[in-house]
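Text of input.tsv, listed as TSV, N, CA and C atoms:
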```tsv
chain	number	residue	atom	x	y	z
S	21	MET	N	92.89	50.94	91.72
S	21	MET	CA	93.53	52.24	91.60
S	21	MET	C	94.12	52.38	90.20
S	22	SER	N	94.01	53.56	89.68
S	22	SER	CA	94.45	53.83	88.31
S	22	SER	C	95.96	53.69	88.17
S	23	GLU	N	96.35	53.14	87.05
S	23	GLU	CA	97.78	53.03	86.74
S	23	GLU	C	98.20	54.12	85.76
S	24	GLU	N	97.35	55.10	85.56
S	24	GLU	CA	97.67	56.23	84.68
S	24	GLU	C	98.73	57.11	85.33
S	25	PRO	N	99.57	57.74	84.52
S	25	PRO	CA	100.53	58.70	85.09
S	25	PRO	C	99.79	59.80	85.85
S	26	PHE	N	100.45	60.32	86.86
S	26	PHE	CA	99.88	61.34	87.74
S	26	PHE	C	100.88	62.49	87.81
S	27	PHE	N	100.39	63.71	87.76
S	27	PHE	CA	101.27	64.87	87.69
S	27	PHE	C	100.99	65.85	88.81
S	28	ARG	N	102.07	66.39	89.35
S	28	ARG	CA	101.98	67.46	90.34
S	28	ARG	C	102.65	68.68	89.72
S	29	VAL	N	101.90	69.79	89.64
S	29	VAL	CA	102.43	71.03	89.09
S	29	VAL	C	102.17	72.12	90.12
S	30	ASP	N	103.25	72.71	90.62
S	30	ASP	CA	103.15	73.78	91.59
S	30	ASP	C	103.77	75.04	91.00
S	31	LYS	N	103.06	76.15	91.16
S	31	LYS	CA	103.53	77.43	90.62
S	31	LYS	C	103.73	78.39	91.78
S	32	PHE	N	104.80	79.17	91.71
S	32	PHE	CA	105.15	80.08	92.79
S	32	PHE	C	105.49	81.46	92.26
S	33	SER	N	105.00	82.46	92.95
S	33	SER	CA	105.42	83.84	92.71
S	33	SER	C	106.39	84.17	93.84
S	34	VAL	N	107.67	84.26	93.47
S	34	VAL	CA	108.74	84.41	94.47
S	34	VAL	C	109.40	85.77	94.31
S	35	PRO	N	109.33	86.62	95.36
S	35	PRO	CA	110.02	87.92	95.28
S	35	PRO	C	111.53	87.71	95.11
S	36	ALA	N	112.18	88.61	94.41
S	36	ALA	CA	113.61	88.49	94.14
S	36	ALA	C	114.43	88.32	95.42
S	37	ALA	N	114.07	89.05	96.46
S	37	ALA	CA	114.82	88.97	97.72
S	37	ALA	C	114.70	87.60	98.38
S	38	SER	N	113.62	86.89	98.11
S	38	SER	CA	113.38	85.58	98.73
S	38	SER	C	113.90	84.43	97.89
S	39	ARG	N	114.27	84.70	96.65
S	39	ARG	CA	114.64	83.65	95.71
S	39	ARG	C	115.73	82.71	96.23
S	40	PRO	N	116.87	83.21	96.76
S	40	PRO	CA	117.93	82.27	97.19
S	40	PRO	C	117.46	81.26	98.24
S	41	ARG	N	116.78	81.72	99.28
S	41	ARG	CA	116.31	80.80	100.33
S	41	ARG	C	115.26	79.84	99.79
S	42	PHE	N	114.36	80.36	98.98
S	42	PHE	CA	113.30	79.52	98.45
S	42	PHE	C	113.87	78.43	97.54
S	43	ILE	N	114.76	78.80	96.64
S	43	ILE	CA	115.34	77.84	95.71
S	43	ILE	C	116.16	76.78	96.45
S	44	GLU	N	116.89	77.19	97.47
S	44	GLU	CA	117.68	76.22	98.25
S	44	GLU	C	116.77	75.17	98.88
S	45	ARG	N	115.68	75.58	99.47
S	45	ARG	CA	114.73	74.65	100.10
S	45	ARG	C	114.04	73.80	99.03
S	46	LEU	N	113.68	74.42	97.93
S	46	LEU	CA	113.01	73.69	96.85
S	46	LEU	C	113.92	72.60	96.29
S	47	ARG	N	115.19	72.90	96.12
S	47	ARG	CA	116.13	71.89	95.60
S	47	ARG	C	116.24	70.71	96.57
S	48	ARG	N	116.29	70.98	97.87
S	48	ARG	CA	116.35	69.88	98.84
S	48	ARG	C	115.11	68.99	98.74
S	49	THR	N	113.97	69.63	98.63
S	49	THR	CA	112.72	68.88	98.51
S	49	THR	C	112.72	68.03	97.25
S	50	HIS	N	113.14	68.61	96.15
S	50	HIS	CA	113.11	67.87	94.88
S	50	HIS	C	114.21	66.81	94.80
S	51	ASP	N	115.31	67.01	95.49
S	51	ASP	CA	116.32	65.95	95.57
S	51	ASP	C	115.73	64.71	96.25
S	52	ALA	N	114.93	64.93	97.29
S	52	ALA	CA	114.29	63.79	97.98
S	52	ALA	C	113.27	63.12	97.05
S	53	LEU	N	112.56	63.90	96.26
S	53	LEU	CA	111.59	63.32	95.33
S	53	LEU	C	112.27	62.44	94.29
S	54	ASP	N	113.46	62.84	93.86
S	54	ASP	CA	114.20	62.04	92.88
S	54	ASP	C	114.45	60.63	93.37
S	55	GLU	N	114.55	60.45	94.68
S	55	GLU	CA	114.81	59.14	95.28
S	55	GLU	C	113.54	58.34	95.51
S	56	ALA	N	112.38	58.97	95.37
S	56	ALA	CA	111.12	58.29	95.67
S	56	ALA	C	110.74	57.31	94.56
S	57	PRO	N	110.28	56.12	94.94
S	57	PRO	CA	109.82	55.15	93.94
S	57	PRO	C	108.68	55.74	93.10
S	58	GLY	N	108.79	55.58	91.79
S	58	GLY	CA	107.73	56.03	90.90
S	58	GLY	C	107.86	57.45	90.40
S	59	CYS	N	108.88	58.18	90.85
S	59	CYS	CA	109.11	59.53	90.34
S	59	CYS	C	109.80	59.39	88.98
S	60	GLU	N	109.08	59.72	87.92
S	60	GLU	CA	109.59	59.52	86.57
S	60	GLU	C	110.20	60.78	85.95
S	61	GLN	N	109.76	61.93	86.39
S	61	GLN	CA	110.31	63.19	85.89
S	61	GLN	C	110.11	64.24	86.96
S	62	ASN	N	111.13	65.05	87.18
S	62	ASN	CA	111.11	66.00	88.28
S	62	ASN	C	111.88	67.24	87.84
S	63	MET	N	111.17	68.33	87.65
S	63	MET	CA	111.83	69.54	87.15
S	63	MET	C	111.44	70.76	87.97
S	64	ILE	N	112.41	71.65	88.12
S	64	ILE	CA	112.17	72.98	88.67
S	64	ILE	C	112.45	73.95	87.52
S	65	LEU	N	111.44	74.74	87.16
S	65	LEU	CA	111.54	75.65	86.04
S	65	LEU	C	111.46	77.10	86.53
S	66	GLU	N	112.22	77.96	85.88
S	66	GLU	CA	112.16	79.39	86.20
S	66	GLU	C	111.80	80.16	84.94
S	67	GLN	N	110.82	81.03	85.05
S	67	GLN	CA	110.39	81.82	83.91
S	67	GLN	C	111.50	82.79	83.52
S	68	ILE	N	111.85	82.81	82.24
S	68	ILE	CA	112.88	83.72	81.76
S	68	ILE	C	112.32	84.76	80.79
S	69	GLU	N	111.12	84.52	80.31
S	69	GLU	CA	110.43	85.48	79.42
S	69	GLU	C	108.94	85.34	79.64
S	70	GLY	N	108.22	86.41	79.37
S	70	GLY	CA	106.77	86.36	79.46
S	70	GLY	C	106.24	87.23	80.58
S	71	THR	N	104.92	87.27	80.64
S	71	THR	CA	104.26	88.18	81.58
S	71	THR	C	103.53	87.44	82.69
S	72	GLY	N	103.74	86.16	82.82
S	72	GLY	CA	103.03	85.37	83.83
S	72	GLY	C	103.34	85.81	85.25
S	73	ARG	N	102.41	85.58	86.12
S	73	ARG	CA	102.54	85.94	87.54
S	73	ARG	C	103.53	85.04	88.28
S	74	PHE	N	103.60	83.77	87.88
S	74	PHE	CA	104.41	82.80	88.60
S	74	PHE	C	105.77	82.66	87.93
S	75	ASN	N	106.83	82.88	88.71
S	75	ASN	CA	108.18	82.85	88.14
S	75	ASN	C	108.93	81.54	88.40
S	76	ILE	N	108.42	80.70	89.28
S	76	ILE	CA	109.01	79.38	89.54
S	76	ILE	C	107.88	78.35	89.43
S	77	VAL	N	108.14	77.28	88.68
S	77	VAL	CA	107.15	76.21	88.50
S	77	VAL	C	107.87	74.88	88.71
S	78	THR	N	107.22	73.98	89.43
S	78	THR	CA	107.75	72.63	89.55
S	78	THR	C	106.80	71.67	88.85
S	79	PHE	N	107.39	70.66	88.22
S	79	PHE	CA	106.63	69.67	87.47
S	79	PHE	C	107.17	68.30	87.86
S	80	VAL	N	106.30	67.45	88.38
S	80	VAL	CA	106.72	66.10	88.74
S	80	VAL	C	105.73	65.12	88.13
S	81	ARG	N	106.28	64.18	87.37
S	81	ARG	CA	105.47	63.10	86.78
S	81	ARG	C	105.70	61.85	87.62
S	82	TRP	N	104.60	61.27	88.09
S	82	TRP	CA	104.63	60.04	88.88
S	82	TRP	C	104.10	58.89	88.04
S	83	ARG	N	104.60	57.70	88.30
S	83	ARG	CA	104.13	56.51	87.59
S	83	ARG	C	102.61	56.39	87.74
S	84	ASN	N	102.10	56.66	88.95
S	84	ASN	CA	100.66	56.60	89.20
S	84	ASN	C	100.35	57.34	90.50
S	85	ARG	N	99.10	57.43	90.82
S	85	ARG	CA	98.65	58.17	92.02
S	85	ARG	C	99.20	57.54	93.30
S	86	ALA	N	99.28	56.22	93.34
S	86	ALA	CA	99.78	55.55	94.55
S	86	ALA	C	101.22	55.96	94.86
S	87	CYS	N	102.06	56.07	93.83
S	87	CYS	CA	103.45	56.49	94.04
S	87	CYS	C	103.49	57.91	94.60
S	88	TYR	N	102.66	58.78	94.05
S	88	TYR	CA	102.59	60.16	94.56
S	88	TYR	C	102.14	60.16	96.02
S	89	ASP	N	101.10	59.42	96.34
S	89	ASP	CA	100.58	59.39	97.71
S	89	ASP	C	101.64	58.91	98.70
S	90	GLU	N	102.40	57.89	98.31
S	90	GLU	CA	103.46	57.38	99.19
S	90	GLU	C	104.55	58.42	99.40
S	91	ALA	N	104.94	59.10	98.33
S	91	ALA	CA	105.98	60.14	98.44
S	91	ALA	C	105.48	61.31	99.27
S	92	ARG	N	104.23	61.67	99.11
S	92	ARG	CA	103.67	62.77	99.90
S	92	ARG	C	103.66	62.44	101.39
S	93	THR	N	103.29	61.21	101.72
S	93	THR	CA	103.29	60.78	103.12
S	93	THR	C	104.70	60.83	103.69
S	94	ALA	N	105.68	60.34	102.93
S	94	ALA	CA	107.07	60.36	103.39
S	94	ALA	C	107.57	61.79	103.57
S	95	ALA	N	107.20	62.69	102.66
S	95	ALA	CA	107.62	64.09	102.76
S	95	ALA	C	107.02	64.73	104.01
S	96	LYS	N	105.76	64.46	104.27
S	96	LYS	CA	105.10	65.01	105.46
S	96	LYS	C	105.78	64.50	106.73
S	97	GLU	N	106.15	63.24	106.76
S	97	GLU	CA	106.85	62.68	107.92
S	97	GLU	C	108.20	63.35	108.13
S	98	ARG	N	108.95	63.60	107.03
S	98	ARG	CA	110.23	64.31	107.13
S	98	ARG	C	110.03	65.72	107.68
S	99	GLN	N	109.01	66.40	107.19
S	99	GLN	CA	108.73	67.76	107.65
S	99	GLN	C	108.37	67.76	109.14
S	100	ASP	N	107.55	66.82	109.55
S	100	ASP	CA	107.15	66.74	110.96
S	100	ASP	C	108.36	66.48	111.85
S	101	ARG	N	109.24	65.56	111.43
S	101	ARG	CA	110.43	65.25	112.23
S	101	ARG	C	111.36	66.45	112.36
S	102	SER	N	111.48	67.22	111.30
S	102	SER	CA	112.41	68.35	111.30
S	102	SER	C	111.78	69.64	111.83
S	103	GLY	N	110.45	69.64	111.98
S	103	GLY	CA	109.76	70.83	112.46
S	103	GLY	C	109.54	71.87	111.36
S	104	PHE	N	109.71	71.47	110.11
S	104	PHE	CA	109.53	72.40	108.99
S	104	PHE	C	108.06	72.52	108.63
S	105	ASN	N	107.58	73.76	108.55
S	105	ASN	CA	106.20	74.02	108.15
S	105	ASN	C	106.25	74.81	106.83
S	106	PRO	N	105.89	74.17	105.72
S	106	PRO	CA	106.00	74.83	104.42
S	106	PRO	C	105.20	76.13	104.32
S	107	GLN	N	104.00	76.15	104.90
S	107	GLN	CA	103.18	77.37	104.79
S	107	GLN	C	103.80	78.53	105.55
S	108	VAL	N	104.34	78.28	106.73
S	108	VAL	CA	105.01	79.34	107.50
S	108	VAL	C	106.22	79.84	106.73
S	109	PHE	N	106.99	78.92	106.16
S	109	PHE	CA	108.17	79.28	105.37
S	109	PHE	C	107.78	80.18	104.20
S	110	MET	N	106.75	79.80	103.46
S	110	MET	CA	106.34	80.61	102.31
S	110	MET	C	105.77	81.96	102.74
S	111	ASP	N	105.06	81.98	103.86
S	111	ASP	CA	104.55	83.26	104.37
S	111	ASP	C	105.71	84.18	104.75
S	112	GLU	N	106.74	83.64	105.40
S	112	GLU	CA	107.91	84.44	105.78
S	112	GLU	C	108.59	85.05	104.56
S	113	LEU	N	108.61	84.31	103.45
S	113	LEU	CA	109.28	84.76	102.24
S	113	LEU	C	108.35	85.53	101.30
S	114	CYS	N	107.10	85.70	101.68
S	114	CYS	CA	106.09	86.38	100.85
S	114	CYS	C	105.90	85.68	99.50
S	115	VAL	N	105.93	84.37	99.52
S	115	VAL	CA	105.74	83.56	98.31
S	115	VAL	C	104.26	83.24	98.18
S	116	VAL	N	103.73	83.44	96.98
S	116	VAL	CA	102.34	83.08	96.68
S	116	VAL	C	102.39	81.82	95.82
S	117	SER	N	101.52	80.86	96.14
S	117	SER	CA	101.57	79.59	95.41
S	117	SER	C	100.22	79.22	94.81
S	118	ASP	N	100.30	78.39	93.79
S	118	ASP	CA	99.14	77.76	93.17
S	118	ASP	C	99.56	76.30	92.98
S	119	LEU	N	99.02	75.40	93.81
S	119	LEU	CA	99.46	74.01	93.85
S	119	LEU	C	98.36	73.12	93.29
S	120	GLY	N	98.74	72.12	92.48
S	120	GLY	CA	97.69	71.27	91.95
S	120	GLY	C	98.15	69.93	91.43
S	121	ASN	N	97.21	69.00	91.41
S	121	ASN	CA	97.41	67.66	90.86
S	121	ASN	C	96.72	67.61	89.51
S	122	TYR	N	97.33	66.92	88.56
S	122	TYR	CA	96.83	66.88	87.19
S	122	TYR	C	96.86	65.48	86.62
S	123	ALA	N	95.98	65.26	85.65
S	123	ALA	CA	95.96	64.01	84.88
S	123	ALA	C	95.90	64.41	83.41
S	124	CYS	N	96.35	63.50	82.55
S	124	CYS	CA	96.28	63.74	81.11
S	124	CYS	C	94.82	63.67	80.66
S	125	LEU	N	94.48	64.56	79.74
S	125	LEU	CA	93.16	64.47	79.12
S	125	LEU	C	93.16	63.31	78.14
S	126	GLY	N	92.12	62.56	78.15
S	126	GLY	CA	92.00	61.45	77.22
S	126	GLY	C	91.63	61.95	75.82
S	127	GLU	N	91.68	61.07	74.85
S	127	GLU	CA	91.31	61.42	73.48
S	127	GLU	C	89.87	61.95	73.49
S	128	GLY	N	89.65	63.03	72.77
S	128	GLY	CA	88.32	63.59	72.62
S	128	GLY	C	87.84	64.40	73.81
S	129	SER	N	88.69	64.59	74.80
S	129	SER	CA	88.28	65.38	75.98
S	129	SER	C	88.41	66.85	75.71
```
Please re-express this file's structure in structure tokens.
Amino acid sequence: MSEEPFFRVDKFSVPAASRPRFIERLRRTHDALDEAPGCEQNMILEQIEGTGRFNIVTFVRWRNRACYDEARTAAKERQDRSGFNPQVFMDELCVVSDLGNYACLGEGS
């Protein structure tokens, strides 16, 4: 398994009326990520200028893919225990998302 850094970048279009509830849940999720082994950088960003569609972006740098996979499994278990369904939550708040995993481009790529 690769020991290269692994990145998760999620972008959200959040209506103003939904922002407080969405941000509160997002902070709880990211607080848990801060405790996960291998989480090297964890940020929640809000667009303050520009014309982009997505006004909230999260950026998480993991030591490697294995650390991300372990944290994802733990997050899913927490959601299952609490009965939280992220997709239902985002649908209720009319949040549109673009979620993705990323790797650094190598030299010459």
- Message: If I take CA of Val29 (chain S) and CA of Leu113 (chain S), how far is one from the other in Å, to one decimal?
- Response: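 Result for CA of Val29 (chain S) versus CA of Leu113 (chain S): 20.2 Å, one decimal.
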Worksheet item: Using all atoms listed in the file, which residues sit within 7 Å of Phe74 (chain S) once same-chain residues fewer than 4 positions away are excluded, as a PyMOL selection string?
Response: chain S and resi 31-34+67
DSSP-assigned alpha helix (DSSP H) members of chain S, reported as a compact mmCIF listing (two decimals) with N, CA and C atoms, in the frame of the given file:
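Output file out-v9.txt follows:
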```txt
# COMPACT_ATOMS: atom_id res chain seq x y z
N ARG S 39 114.27 84.70 96.65
CA ARG S 39 114.64 83.65 95.71
C ARG S 39 115.73 82.71 96.23
N PRO S 40 116.87 83.21 96.76
CA PRO S 40 117.93 82.27 97.19
C PRO S 40 117.46 81.26 98.24
N ARG S 41 116.78 81.72 99.28
CA ARG S 41 116.31 80.80 100.33
C ARG S 41 115.26 79.84 99.79
N PHE S 42 114.36 80.36 98.98
CA PHE S 42 113.30 79.52 98.45
C PHE S 42 113.87 78.43 97.54
N ILE S 43 114.76 78.80 96.64
CA ILE S 43 115.34 77.84 95.71
C ILE S 43 116.16 76.78 96.45
N GLU S 44 116.89 77.19 97.47
CA GLU S 44 117.68 76.22 98.25
C GLU S 44 116.77 75.17 98.88
N ARG S 45 115.68 75.58 99.47
CA ARG S 45 114.73 74.65 100.10
C ARG S 45 114.04 73.80 99.03
N LEU S 46 113.68 74.42 97.93
CA LEU S 46 113.01 73.69 96.85
C LEU S 46 113.92 72.60 96.29
N ARG S 47 115.19 72.90 96.12
CA ARG S 47 116.13 71.89 95.60
C ARG S 47 116.24 70.71 96.57
N ARG S 48 116.29 70.98 97.87
CA ARG S 48 116.35 69.88 98.84
C ARG S 48 115.11 68.99 98.74
N THR S 49 113.97 69.63 98.63
CA THR S 49 112.72 68.88 98.51
C THR S 49 112.72 68.03 97.25
N HIS S 50 113.14 68.61 96.15
CA HIS S 50 113.11 67.87 94.88
C HIS S 50 114.21 66.81 94.80
N ASP S 51 115.31 67.01 95.49
CA ASP S 51 116.32 65.95 95.57
C ASP S 51 115.73 64.71 96.25
N ALA S 52 114.93 64.93 97.29
CA ALA S 52 114.29 63.79 97.98
C ALA S 52 113.27 63.12 97.05
N LEU S 53 112.56 63.90 96.26
CA LEU S 53 111.59 63.32 95.33
C LEU S 53 112.27 62.44 94.29
N ASP S 54 113.46 62.84 93.86
CA ASP S 54 114.20 62.04 92.88
C ASP S 54 114.45 60.63 93.37
N ARG S 85 99.10 57.43 90.82
CA ARG S 85 98.65 58.17 92.02
C ARG S 85 99.20 57.54 93.30
N ALA S 86 99.28 56.22 93.34
CA ALA S 86 99.78 55.55 94.55
C ALA S 86 101.22 55.96 94.86
N CYS S 87 102.06 56.07 93.83
CA CYS S 87 103.45 56.49 94.04
C CYS S 87 103.49 57.91 94.60
N TYR S 88 102.66 58.78 94.05
CA TYR S 88 102.59 60.16 94.56
C TYR S 88 102.14 60.16 96.02
N ASP S 89 101.10 59.42 96.34
CA ASP S 89 100.58 59.39 97.71
C ASP S 89 101.64 58.91 98.70
N GLU S 90 102.40 57.89 98.31
CA GLU S 90 103.46 57.38 99.19
C GLU S 90 104.55 58.42 99.40
N ALA S 91 104.94 59.10 98.33
CA ALA S 91 105.98 60.14 98.44
C ALA S 91 105.48 61.31 99.27
N ARG S 92 104.23 61.67 99.11
CA ARG S 92 103.67 62.77 99.90
C ARG S 92 103.66 62.44 101.39
N THR S 93 103.29 61.21 101.72
CA THR S 93 103.29 60.78 103.12
C THR S 93 104.70 60.83 103.69
N ALA S 94 105.68 60.34 102.93
CA ALA S 94 107.07 60.36 103.39
C ALA S 94 107.57 61.79 103.57
N ALA S 95 107.20 62.69 102.66
CA ALA S 95 107.62 64.09 102.76
C ALA S 95 107.02 64.73 104.01
N LYS S 96 105.76 64.46 104.27
CA LYS S 96 105.10 65.01 105.46
C LYS S 96 105.78 64.50 106.73
N GLU S 97 106.15 63.24 106.76
CA GLU S 97 106.85 62.68 107.92
C GLU S 97 108.20 63.35 108.13
N ARG S 98 108.95 63.60 107.03
CA ARG S 98 110.23 64.31 107.13
C ARG S 98 110.03 65.72 107.68
N GLN S 99 109.01 66.40 107.19
CA GLN S 99 108.73 67.76 107.65
C GLN S 99 108.37 67.76 109.14
N ASP S 100 107.55 66.82 109.55
CA ASP S 100 107.15 66.74 110.96
C ASP S 100 108.36 66.48 111.85
N ARG S 101 109.24 65.56 111.43
CA ARG S 101 110.43 65.25 112.23
C ARG S 101 111.36 66.45 112.36
N SER S 102 111.48 67.22 111.30
CA SER S 102 112.41 68.35 111.30
C SER S 102 111.78 69.64 111.83
N PRO S 106 105.89 74.17 105.72
CA PRO S 106 106.00 74.83 104.42
C PRO S 106 105.20 76.13 104.32
N GLN S 107 104.00 76.15 104.90
CA GLN S 107 103.18 77.37 104.79
C GLN S 107 103.80 78.53 105.55
N VAL S 108 104.34 78.28 106.73
CA VAL S 108 105.01 79.34 107.50
C VAL S 108 106.22 79.84 106.73
N PHE S 109 106.99 78.92 106.16
CA PHE S 109 108.17 79.28 105.37
C PHE S 109 107.78 80.18 104.20
N MET S 110 106.75 79.80 103.46
CA MET S 110 106.34 80.61 102.31
C MET S 110 105.77 81.96 102.74
N ASP S 111 105.06 81.98 103.86
CA ASP S 111 104.55 83.26 104.37
C ASP S 111 105.71 84.18 104.75
N GLU S 112 106.74 83.64 105.40
CA GLU S 112 107.91 84.44 105.78
C GLU S 112 108.59 85.05 104.56
```
**Request:** Identify the residues around (96.5, 59.6, 89.3) within a radius of 6 Å, measuring from only N, CA and C atoms in the coordinates stated by the file, and give them as an MDAnalysis selection string.
**Result:** chainID S and resid 24:27 84:86
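Interatomic distance, CA of Glu23 (chain S) against CA of Lys96 (chain S): 23.4 Å.
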Atom N of Ala123 (chain S) to atom C of Arg28 (chain S) measures 8.5 Å
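Minimum atom-to-atom distances from S:Thr78, S:Phe42, S:Ala52, S:Glu112 to Ile64 (chain S) were compared using all atoms listed in the file, and the lowest value belongs to S:Thr78.
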Using only C-alpha atoms, the shortest atom-to-atom distance to Asp89 (chain S) among S:Gly126, S:Gly58, S:Pro40, S:Gly120 belongs to S:Gly58
Block slice region 28-36 of chain S, all heavy atoms, emitted as a PDB file, in the first residue's frame:
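After the write, part-v4.pdb holds the following:
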```pdb
ATOM      1  N   ARG S  28      -8.561  14.279   1.004  1.00  0.00           N
ATOM      2  CA  ARG S  28     -10.010  14.274   0.812  1.00  0.00           C
ATOM      3  C   ARG S  28     -10.442  15.735   0.709  1.00  0.00           C
ATOM      4  O   ARG S  28     -10.150  16.549   1.596  1.00  0.00           O
ATOM      5  CB  ARG S  28     -10.706  13.595   2.000  1.00  0.00           C
ATOM      6  CG  ARG S  28     -12.211  13.607   1.951  1.00  0.00           C
ATOM      7  CD  ARG S  28     -12.749  12.742   0.813  1.00  0.00           C
ATOM      8  NE  ARG S  28     -14.202  12.826   0.810  1.00  0.00           N
ATOM      9  CZ  ARG S  28     -14.995  11.886   0.367  1.00  0.00           C
ATOM     10  NH1 ARG S  28     -14.489  10.783  -0.113  1.00  0.00           N
ATOM     11  NH2 ARG S  28     -16.284  12.041   0.408  1.00  0.00           N
ATOM     12  N   VAL S  29     -11.101  16.076  -0.398  1.00  0.00           N
ATOM     13  CA  VAL S  29     -11.588  17.429  -0.615  1.00  0.00           C
ATOM     14  C   VAL S  29     -13.067  17.329  -0.941  1.00  0.00           C
ATOM     15  O   VAL S  29     -13.460  16.690  -1.919  1.00  0.00           O
ATOM     16  CB  VAL S  29     -10.832  18.134  -1.766  1.00  0.00           C
ATOM     17  CG1 VAL S  29     -11.374  19.541  -1.980  1.00  0.00           C
ATOM     18  CG2 VAL S  29      -9.330  18.164  -1.487  1.00  0.00           C
ATOM     19  N   ASP S  30     -13.890  17.925  -0.092  1.00  0.00           N
ATOM     20  CA  ASP S  30     -15.333  17.932  -0.292  1.00  0.00           C
ATOM     21  C   ASP S  30     -15.799  19.368  -0.442  1.00  0.00           C
ATOM     22  O   ASP S  30     -15.397  20.249   0.320  1.00  0.00           O
ATOM     23  CB  ASP S  30     -16.049  17.284   0.897  1.00  0.00           C
ATOM     24  CG  ASP S  30     -15.724  15.799   1.037  1.00  0.00           C
ATOM     25  OD1 ASP S  30     -15.223  15.199   0.075  1.00  0.00           O
ATOM     26  OD2 ASP S  30     -15.985  15.251   2.119  1.00  0.00           O
ATOM     27  N   LYS S  31     -16.649  19.589  -1.445  1.00  0.00           N
ATOM     28  CA  LYS S  31     -17.164  20.925  -1.726  1.00  0.00           C
ATOM     29  C   LYS S  31     -18.679  20.895  -1.564  1.00  0.00           C
ATOM     30  O   LYS S  31     -19.326  19.934  -1.984  1.00  0.00           O
ATOM     31  CB  LYS S  31     -16.768  21.348  -3.139  1.00  0.00           C
ATOM     32  CG  LYS S  31     -15.253  21.383  -3.349  1.00  0.00           C
ATOM     33  CD  LYS S  31     -14.879  21.652  -4.791  1.00  0.00           C
ATOM     34  CE  LYS S  31     -15.063  20.495  -5.689  1.00  0.00           C
ATOM     35  NZ  LYS S  31     -14.015  19.557  -5.867  1.00  0.00           N
ATOM     36  N   PHE S  32     -19.217  21.958  -0.975  1.00  0.00           N
ATOM     37  CA  PHE S  32     -20.642  22.014  -0.692  1.00  0.00           C
ATOM     38  C   PHE S  32     -21.225  23.354  -1.114  1.00  0.00           C
ATOM     39  O   PHE S  32     -20.632  24.402  -0.854  1.00  0.00           O
ATOM     40  CB  PHE S  32     -20.901  21.837   0.809  1.00  0.00           C
ATOM     41  CG  PHE S  32     -20.318  20.570   1.375  1.00  0.00           C
ATOM     42  CD1 PHE S  32     -19.078  20.576   1.990  1.00  0.00           C
ATOM     43  CD2 PHE S  32     -21.013  19.374   1.296  1.00  0.00           C
ATOM     44  CE1 PHE S  32     -18.530  19.425   2.520  1.00  0.00           C
ATOM     45  CE2 PHE S  32     -20.466  18.198   1.822  1.00  0.00           C
ATOM     46  CZ  PHE S  32     -19.228  18.229   2.434  1.00  0.00           C
ATOM     47  N   SER S  33     -22.389  23.292  -1.718  1.00  0.00           N
ATOM     48  CA  SER S  33     -23.188  24.484  -1.982  1.00  0.00           C
ATOM     49  C   SER S  33     -24.285  24.488  -0.917  1.00  0.00           C
ATOM     50  O   SER S  33     -25.195  23.649  -0.941  1.00  0.00           O
ATOM     51  CB  SER S  33     -23.798  24.421  -3.390  1.00  0.00           C
ATOM     52  OG  SER S  33     -24.610  25.547  -3.605  1.00  0.00           O
ATOM     53  N   VAL S  34     -24.150  25.414   0.033  1.00  0.00           N
ATOM     54  CA  VAL S  34     -25.023  25.427   1.210  1.00  0.00           C
ATOM     55  C   VAL S  34     -25.883  26.687   1.187  1.00  0.00           C
ATOM     56  O   VAL S  34     -25.352  27.800   1.234  1.00  0.00           O
ATOM     57  CB  VAL S  34     -24.193  25.395   2.512  1.00  0.00           C
ATOM     58  CG1 VAL S  34     -25.101  25.362   3.730  1.00  0.00           C
ATOM     59  CG2 VAL S  34     -23.235  24.206   2.507  1.00  0.00           C
ATOM     60  N   PRO S  35     -27.220  26.527   1.121  1.00  0.00           N
ATOM     61  CA  PRO S  35     -28.091  27.708   1.179  1.00  0.00           C
ATOM     62  C   PRO S  35     -27.902  28.448   2.508  1.00  0.00           C
ATOM     63  O   PRO S  35     -27.636  27.828   3.545  1.00  0.00           O
ATOM     64  CB  PRO S  35     -29.500  27.128   1.085  1.00  0.00           C
ATOM     65  CG  PRO S  35     -29.329  25.760   0.498  1.00  0.00           C
ATOM     66  CD  PRO S  35     -27.975  25.292   0.948  1.00  0.00           C
ATOM     67  N   ALA S  36     -28.050  29.755   2.480  1.00  0.00           N
ATOM     68  CA  ALA S  36     -27.848  30.578   3.678  1.00  0.00           C
ATOM     69  C   ALA S  36     -28.703  30.098   4.853  1.00  0.00           C
ATOM     70  O   ALA S  36     -28.225  30.058   5.991  1.00  0.00           O
ATOM     71  CB  ALA S  36     -28.137  32.046   3.367  1.00  0.00           C
TER      72      ALA S  36
END
```
